[in-house]
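Text of the file my_file.txt, holding compact mmCIF, C-alpha atoms:
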# COMPACT_ATOMS: atom_id res chain seq x y z
CA MET A 1 -4.74 -69.76 -52.92
CA ARG A 2 -2.70 -67.44 -50.67
CA GLU A 3 -5.22 -64.63 -51.26
CA LYS A 4 -8.07 -66.90 -50.04
CA MET A 5 -6.07 -67.92 -46.97
CA ASN A 6 -5.31 -64.26 -46.25
CA GLU A 7 -9.01 -63.38 -46.51
CA ASP A 8 -9.99 -66.23 -44.17
CA ILE A 9 -7.44 -65.05 -41.59
CA ARG A 10 -8.54 -61.45 -42.05
CA GLN A 11 -12.19 -62.38 -41.50
CA GLY A 12 -11.25 -64.47 -38.45
CA ILE A 13 -9.52 -61.42 -36.97
CA HIS A 14 -12.54 -59.28 -37.93
CA LEU A 15 -14.87 -61.71 -36.13
CA LEU A 16 -12.74 -62.13 -33.00
CA PHE A 17 -11.97 -58.42 -32.62
CA GLY A 18 -15.64 -57.59 -33.14
CA LEU A 19 -16.66 -60.12 -30.49
CA LEU A 20 -14.02 -58.64 -28.15
CA LEU A 21 -15.74 -55.27 -28.62
CA VAL A 22 -19.11 -56.88 -27.86
CA GLY A 23 -17.59 -58.30 -24.66
CA ILE A 24 -16.18 -54.92 -23.65
CA LEU A 25 -19.59 -53.30 -24.17
CA VAL A 26 -21.51 -56.00 -22.29
CA PHE A 27 -19.14 -56.29 -19.32
CA PHE A 28 -17.68 -52.78 -19.04
CA GLY A 29 -20.12 -50.43 -20.78
CA ARG A 30 -20.21 -47.88 -23.54
CA GLU A 31 -17.59 -45.49 -22.12
CA LYS A 32 -14.93 -48.22 -21.80
CA LEU A 33 -15.76 -49.41 -25.32
CA LEU A 34 -15.26 -45.88 -26.64
CA ILE A 35 -11.93 -45.51 -24.81
CA PHE A 36 -10.70 -48.88 -26.10
CA THR A 37 -11.85 -48.15 -29.65
CA LEU A 38 -10.27 -44.68 -29.73
CA PHE A 39 -7.01 -46.05 -28.29
CA SER A 40 -6.98 -48.82 -30.91
CA LEU A 41 -7.70 -46.28 -33.65
CA ILE A 42 -4.82 -44.05 -32.51
CA VAL A 43 -2.45 -47.04 -32.48
CA ALA A 44 -3.59 -48.09 -35.98
CA VAL A 45 -3.13 -44.53 -37.32
CA ILE A 46 0.37 -44.27 -35.82
CA LEU A 47 1.39 -47.66 -37.22
CA ASN A 48 -0.06 -46.79 -40.61
CA LEU A 49 1.71 -43.42 -40.73
CA SER A 50 5.00 -45.00 -39.69
CA THR A 51 4.64 -47.44 -42.58
CA ILE A 52 3.84 -44.68 -45.06
CA ILE A 53 6.90 -42.62 -44.05
CA GLY A 54 9.13 -45.64 -44.42
CA PHE A 55 9.51 -47.14 -40.97
CA ARG A 56 8.95 -50.85 -41.36
CA ASN A 57 9.31 -53.33 -38.57
CA LYS A 58 10.00 -56.55 -40.49
CA GLU A 59 8.48 -58.86 -37.90
CA LEU A 60 5.32 -56.78 -37.55
CA HIS A 61 4.82 -56.55 -41.31
CA LYS A 62 5.54 -60.24 -41.78
CA THR A 63 2.87 -61.04 -39.18
CA LEU A 64 0.38 -58.62 -40.71
CA SER A 65 0.95 -59.76 -44.27
CA VAL A 66 -1.10 -62.93 -43.66
CA ALA A 67 -4.23 -60.80 -43.24
CA GLN A 68 -3.60 -58.10 -45.84
CA ARG A 69 -5.34 -57.58 -49.11
CA LYS A 70 -3.18 -56.76 -52.10
CA THR A 71 -4.53 -53.21 -52.12
CA GLU A 72 -3.26 -52.59 -48.57
CA LYS A 73 0.45 -53.24 -48.99
CA LYS A 74 1.39 -49.55 -48.80
CA SER A 75 -1.17 -48.75 -46.10
CA PRO A 76 -1.56 -51.98 -44.10
CA PHE A 77 -3.75 -50.66 -41.31
CA VAL A 78 -6.39 -48.93 -43.43
CA GLY A 79 -8.91 -51.78 -43.05
CA ALA A 80 -8.53 -51.76 -39.27
CA MET A 81 -8.82 -47.97 -39.19
CA ILE A 82 -12.07 -47.97 -41.17
CA PHE A 83 -13.48 -50.72 -38.94
CA LEU A 84 -12.57 -48.68 -35.85
CA VAL A 85 -14.01 -45.46 -37.32
CA GLY A 86 -17.32 -47.29 -37.89
CA VAL A 87 -17.33 -48.57 -34.31
CA THR A 88 -16.39 -45.13 -32.96
CA ILE A 89 -19.25 -43.43 -34.82
CA LEU A 90 -21.60 -46.15 -33.60
CA THR A 91 -20.47 -45.73 -29.99
CA ILE A 92 -20.69 -41.94 -30.00
CA PHE A 93 -24.13 -41.59 -31.57
CA PHE A 94 -26.11 -44.57 -30.28
CA GLN A 95 -27.13 -46.14 -26.99
CA GLU A 96 -25.87 -49.50 -25.72
CA ARG A 97 -28.74 -51.54 -27.19
CA GLN A 98 -28.14 -50.18 -30.70
CA ILE A 99 -24.36 -50.39 -30.33
CA LEU A 100 -24.65 -54.04 -29.33
CA GLY A 101 -26.74 -54.92 -32.38
CA GLY A 102 -24.49 -52.95 -34.72
CA LEU A 103 -21.38 -54.68 -33.37
CA ILE A 104 -22.88 -58.15 -33.66
CA VAL A 105 -23.97 -57.68 -37.28
CA LEU A 106 -20.61 -56.09 -38.16
CA ALA A 107 -18.53 -58.78 -36.47
CA VAL A 108 -20.55 -61.91 -37.19
CA GLY A 109 -22.53 -61.08 -40.32
CA ASP A 110 -19.79 -59.35 -42.28
CA SER A 111 -17.27 -62.10 -41.50
CA PHE A 112 -19.59 -64.97 -42.37
CA SER A 113 -20.89 -63.31 -45.53
CA THR A 114 -17.35 -62.92 -46.82
CA ILE A 115 -16.13 -66.39 -45.88
CA ILE A 116 -19.21 -68.24 -47.19
CA GLY A 117 -19.56 -65.98 -50.22
CA LYS A 118 -15.94 -66.55 -51.27
CA LYS A 119 -16.07 -70.31 -50.71
CA PHE A 120 -19.57 -71.21 -51.88
CA GLY A 121 -21.01 -68.15 -53.59
CA LYS A 122 -22.28 -68.74 -57.11
CA THR A 123 -25.09 -66.22 -57.53
CA LYS A 124 -23.67 -62.71 -57.97
CA ILE A 125 -25.66 -59.79 -56.58
CA THR A 126 -22.93 -57.21 -57.15
CA ASP A 127 -19.34 -57.44 -58.33
CA ARG A 128 -18.22 -58.22 -54.78
CA HIS A 129 -21.23 -59.92 -53.20
CA THR A 130 -23.09 -63.17 -53.68
CA PHE A 131 -26.57 -64.24 -52.68
CA GLU A 132 -25.13 -67.17 -50.71
CA GLY A 133 -22.75 -64.92 -48.77
CA THR A 134 -25.47 -62.41 -47.99
CA ILE A 135 -27.84 -65.12 -46.74
CA ALA A 136 -25.02 -66.59 -44.60
CA GLY A 137 -24.34 -63.14 -43.15
CA ILE A 138 -28.02 -62.62 -42.34
CA GLY A 139 -28.27 -66.09 -40.77
CA ALA A 140 -25.12 -65.74 -38.70
CA SER A 141 -26.12 -62.24 -37.54
CA PHE A 142 -29.60 -63.47 -36.66
CA ILE A 143 -28.17 -66.23 -34.49
CA GLY A 144 -25.78 -63.82 -32.75
CA LEU A 145 -28.53 -61.26 -32.20
CA LEU A 146 -30.86 -63.88 -30.68
CA PHE A 147 -28.66 -63.92 -27.56
CA PHE A 148 -29.78 -60.35 -26.83
CA PHE A 149 -32.92 -59.58 -28.86
CA GLN A 150 -36.35 -61.02 -29.63
CA PRO A 151 -36.52 -63.06 -32.89
CA ILE A 152 -38.43 -60.47 -34.95
CA THR A 153 -36.03 -57.73 -33.88
CA ALA A 154 -33.05 -59.98 -34.61
CA ILE A 155 -34.16 -60.94 -38.12
CA LEU A 156 -35.06 -57.36 -39.10
CA THR A 157 -31.77 -56.03 -37.77
CA ALA A 158 -29.73 -58.80 -39.41
CA THR A 159 -31.49 -58.35 -42.74
CA THR A 160 -31.22 -54.56 -42.94
CA GLY A 161 -27.65 -54.53 -41.64
CA MET A 162 -26.46 -57.11 -44.14
CA ALA A 163 -28.48 -55.58 -46.99
CA SER A 164 -26.59 -52.32 -46.40
CA GLU A 165 -23.43 -54.15 -47.44
CA LEU A 166 -24.86 -54.25 -50.96
CA LEU A 167 -24.98 -50.45 -51.26
CA GLY A 168 -21.39 -50.34 -52.49
CA LEU A 169 -20.30 -48.03 -49.70
CA GLU A 170 -17.77 -48.87 -46.99
CA ASP A 171 -19.45 -51.76 -45.19
CA ASN A 172 -17.50 -51.29 -41.95
CA ILE A 173 -19.43 -48.03 -41.66
CA THR A 174 -22.81 -48.91 -43.22
CA ILE A 175 -23.40 -52.27 -41.52
CA PRO A 176 -23.17 -51.08 -37.90
CA LEU A 177 -24.96 -47.79 -38.56
CA VAL A 178 -27.87 -49.30 -40.50
CA SER A 179 -28.18 -52.07 -37.90
CA ALA A 180 -28.24 -49.51 -35.08
CA LEU A 181 -30.76 -47.31 -36.91
CA THR A 182 -33.00 -50.35 -37.39
CA LEU A 183 -32.88 -51.05 -33.66
CA LEU A 184 -33.57 -47.41 -32.90
CA LEU A 185 -36.72 -47.54 -35.03
CA LEU A 186 -37.98 -50.85 -33.61
Would you mind writing the file out in structure tokens?
Amino acid sequence: MREKMNEDIRQGIHLLFGLLLVGILVFFGREKLLIFTLFSLIVAVILNLSTIIGFRNKELHKTLSVAQRKTEKKSPFVGAMIFLVGVTILTIFFQERQILGGLIVLAVGDSFSTIIGKKFGKTKITDRHTFEGTIAGIGASFIGLLFFFQPITAILTATTGMASELLGLEDNITIPLVSALTLLLL
């Protein structure tokens, strides 16, 4: 039960932080997004290294523990670091239109696919993914993308981005990059 609650909180943070990044891009531009992302990545690396070498702020770790997976107890910021690396790569190599689509699918689609897949998923596609979660991720991404893109572009981007989650690679890297590549080709 606690593990499910932790995952829901984690995905809520994933969604909100991703939408914050979308807001930074839309209102302040690509350069400010890159600065914010790199700053956040540096902070996450410093906090992670301090944890590894034994410095533990009890209040900070107590707060973070509600969003940690069991595999992250020794390295609690690794998930955030991978997320930020994916966004950094996206921001460096793509233009604003592709960055926007990649961020939306990463934030909205990945969060919804996990939440719905864990709660309602019955049809396994892989060890970690369900058909129901994947469809929810595609649907949620599609809706988010419709605010900025034409319907055909939105559905193709949502579908390819969320399908990349099934590759078994790090989805915080594959989802935004495949989504951005799709937009680049359209």
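The space between CA of Gln11 (chain A) and CA of Ile116 (chain A) spans 10.8 Å.
For the pair CA of Asn48 (chain A) and CA of Gly101 (chain A), the interatomic distance is 29.1 Å.
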- Task: Counting all atoms listed in the file, note down every residue that has an atom within 10 Å of the point (-30.4, -52.0, -26.0) (file coordinates), as a PyMOL selection string.
- Result: chain A and resi 94-101+148-149+180+183-184
Write the residues of the preceding selection, restricted to C-alpha atoms, as an mmCIF file, keeping the file's coordinate frame.
data_model
loop_
_atom_site.group_PDB
_atom_site.id
_atom_site.type_symbol
_atom_site.label_atom_id
_atom_site.label_comp_id
_atom_site.auth_asym_id
_atom_site.auth_seq_id
_atom_site.Cartn_x
_atom_site.Cartn_y
_atom_site.Cartn_z
ATOM 1 C CA PHE A 94 -26.110 -44.570 -30.280
ATOM 2 C CA GLN A 95 -27.130 -46.140 -26.990
ATOM 3 C CA GLU A 96 -25.870 -49.500 -25.720
ATOM 4 C CA ARG A 97 -28.740 -51.540 -27.190
ATOM 5 C CA GLN A 98 -28.140 -50.180 -30.700
ATOM 6 C CA ILE A 99 -24.360 -50.390 -30.330
ATOM 7 C CA LEU A 100 -24.650 -54.040 -29.330
ATOM 8 C CA GLY A 101 -26.740 -54.920 -32.380
ATOM 9 C CA PHE A 148 -29.780 -60.350 -26.830
ATOM 10 C CA PHE A 149 -32.920 -59.580 -28.860
ATOM 11 C CA ALA A 180 -28.240 -49.510 -35.080
ATOM 12 C CA LEU A 183 -32.880 -51.050 -33.660
ATOM 13 C CA LEU A 184 -33.570 -47.410 -32.900
#
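Checking A:Ile82, A:Leu20, A:Leu33, A:Phe39 one by one against Ile173 (chain A), counting only C-alpha atoms, you find the shortest gap at A:Ile82.
Among the candidate residues A:Glu7, A:Val22, A:Gly86, A:Gly12, the one lying nearest to Leu41 (chain A) is A:Gly86, with distances computed using all atoms listed in the file.
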- Selected residue of minimal separation from Asp110 (chain A) among A:Ile52, A:Leu166, A:Val78, A:Val45, counting only C-alpha atoms: A:Leu166
- Message: Quick check, in Å to one decimal: how far apart do CA of Asp127 (chain A) and CA of Gly168 (chain A) lie?
- Response: 9.4 Å
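Nearest to Thr182 (chain A) of all the residues A:Gly137, A:Gly79, A:Gly18, A:Gly102 is A:Gly102, based on all atoms listed in the file.
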What box, with edges along x, y and z, holds each listed atom of region 30-39 of chain A when 6 Å is added on every side, and can you state its centre and edge lengths in Å to one decimal, as lines of an AutoDock Vina configuration file?
center_x = -13.6
center_y = -47.0
center_z = -25.8
size_x = 25.2
size_y = 16.7
size_z = 19.9
- For Phe17 (chain A), which of A:Leu38, A:Leu90, A:Leu103, A:Ile155 is the closest residue, counting all atoms listed in the file? A:Leu103
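You can rank A:Leu177, A:Leu185, A:Lys118, A:Ile35 by their closest distance to Phe83 (chain A) using all atoms listed in the file, and at the top of that list sits A:Leu177.
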- Message: When you look at His14 (chain A) with a cut-off of 7 Å (counting only C-alpha atoms), what residues show up, excluding the ones that are within fewer than 4 positions of it in the same chain? I need them as an MDAnalysis selection string.
- Response: chainID A and resid 10 18 107 111
- Task: Enumerate, as a VMD selection string, the protein, DNA and RNA residues whose atoms approach (-24.5, -52.9, -47.8) to within 12 Å, taking into account only C-alpha atoms and the coordinate frame of the file.
- Result: chain A and resid 105 to 106 109 to 110 113 125 to 126 128 to 130 134 137 to 138 158 to 179
- Item | Distance query Phe131 (chain A) at most 8 Å, only C-alpha atoms, self and fewer than 5 positions along chain excluded, as a VMD selection string | chain A and resid 117 121 to 125
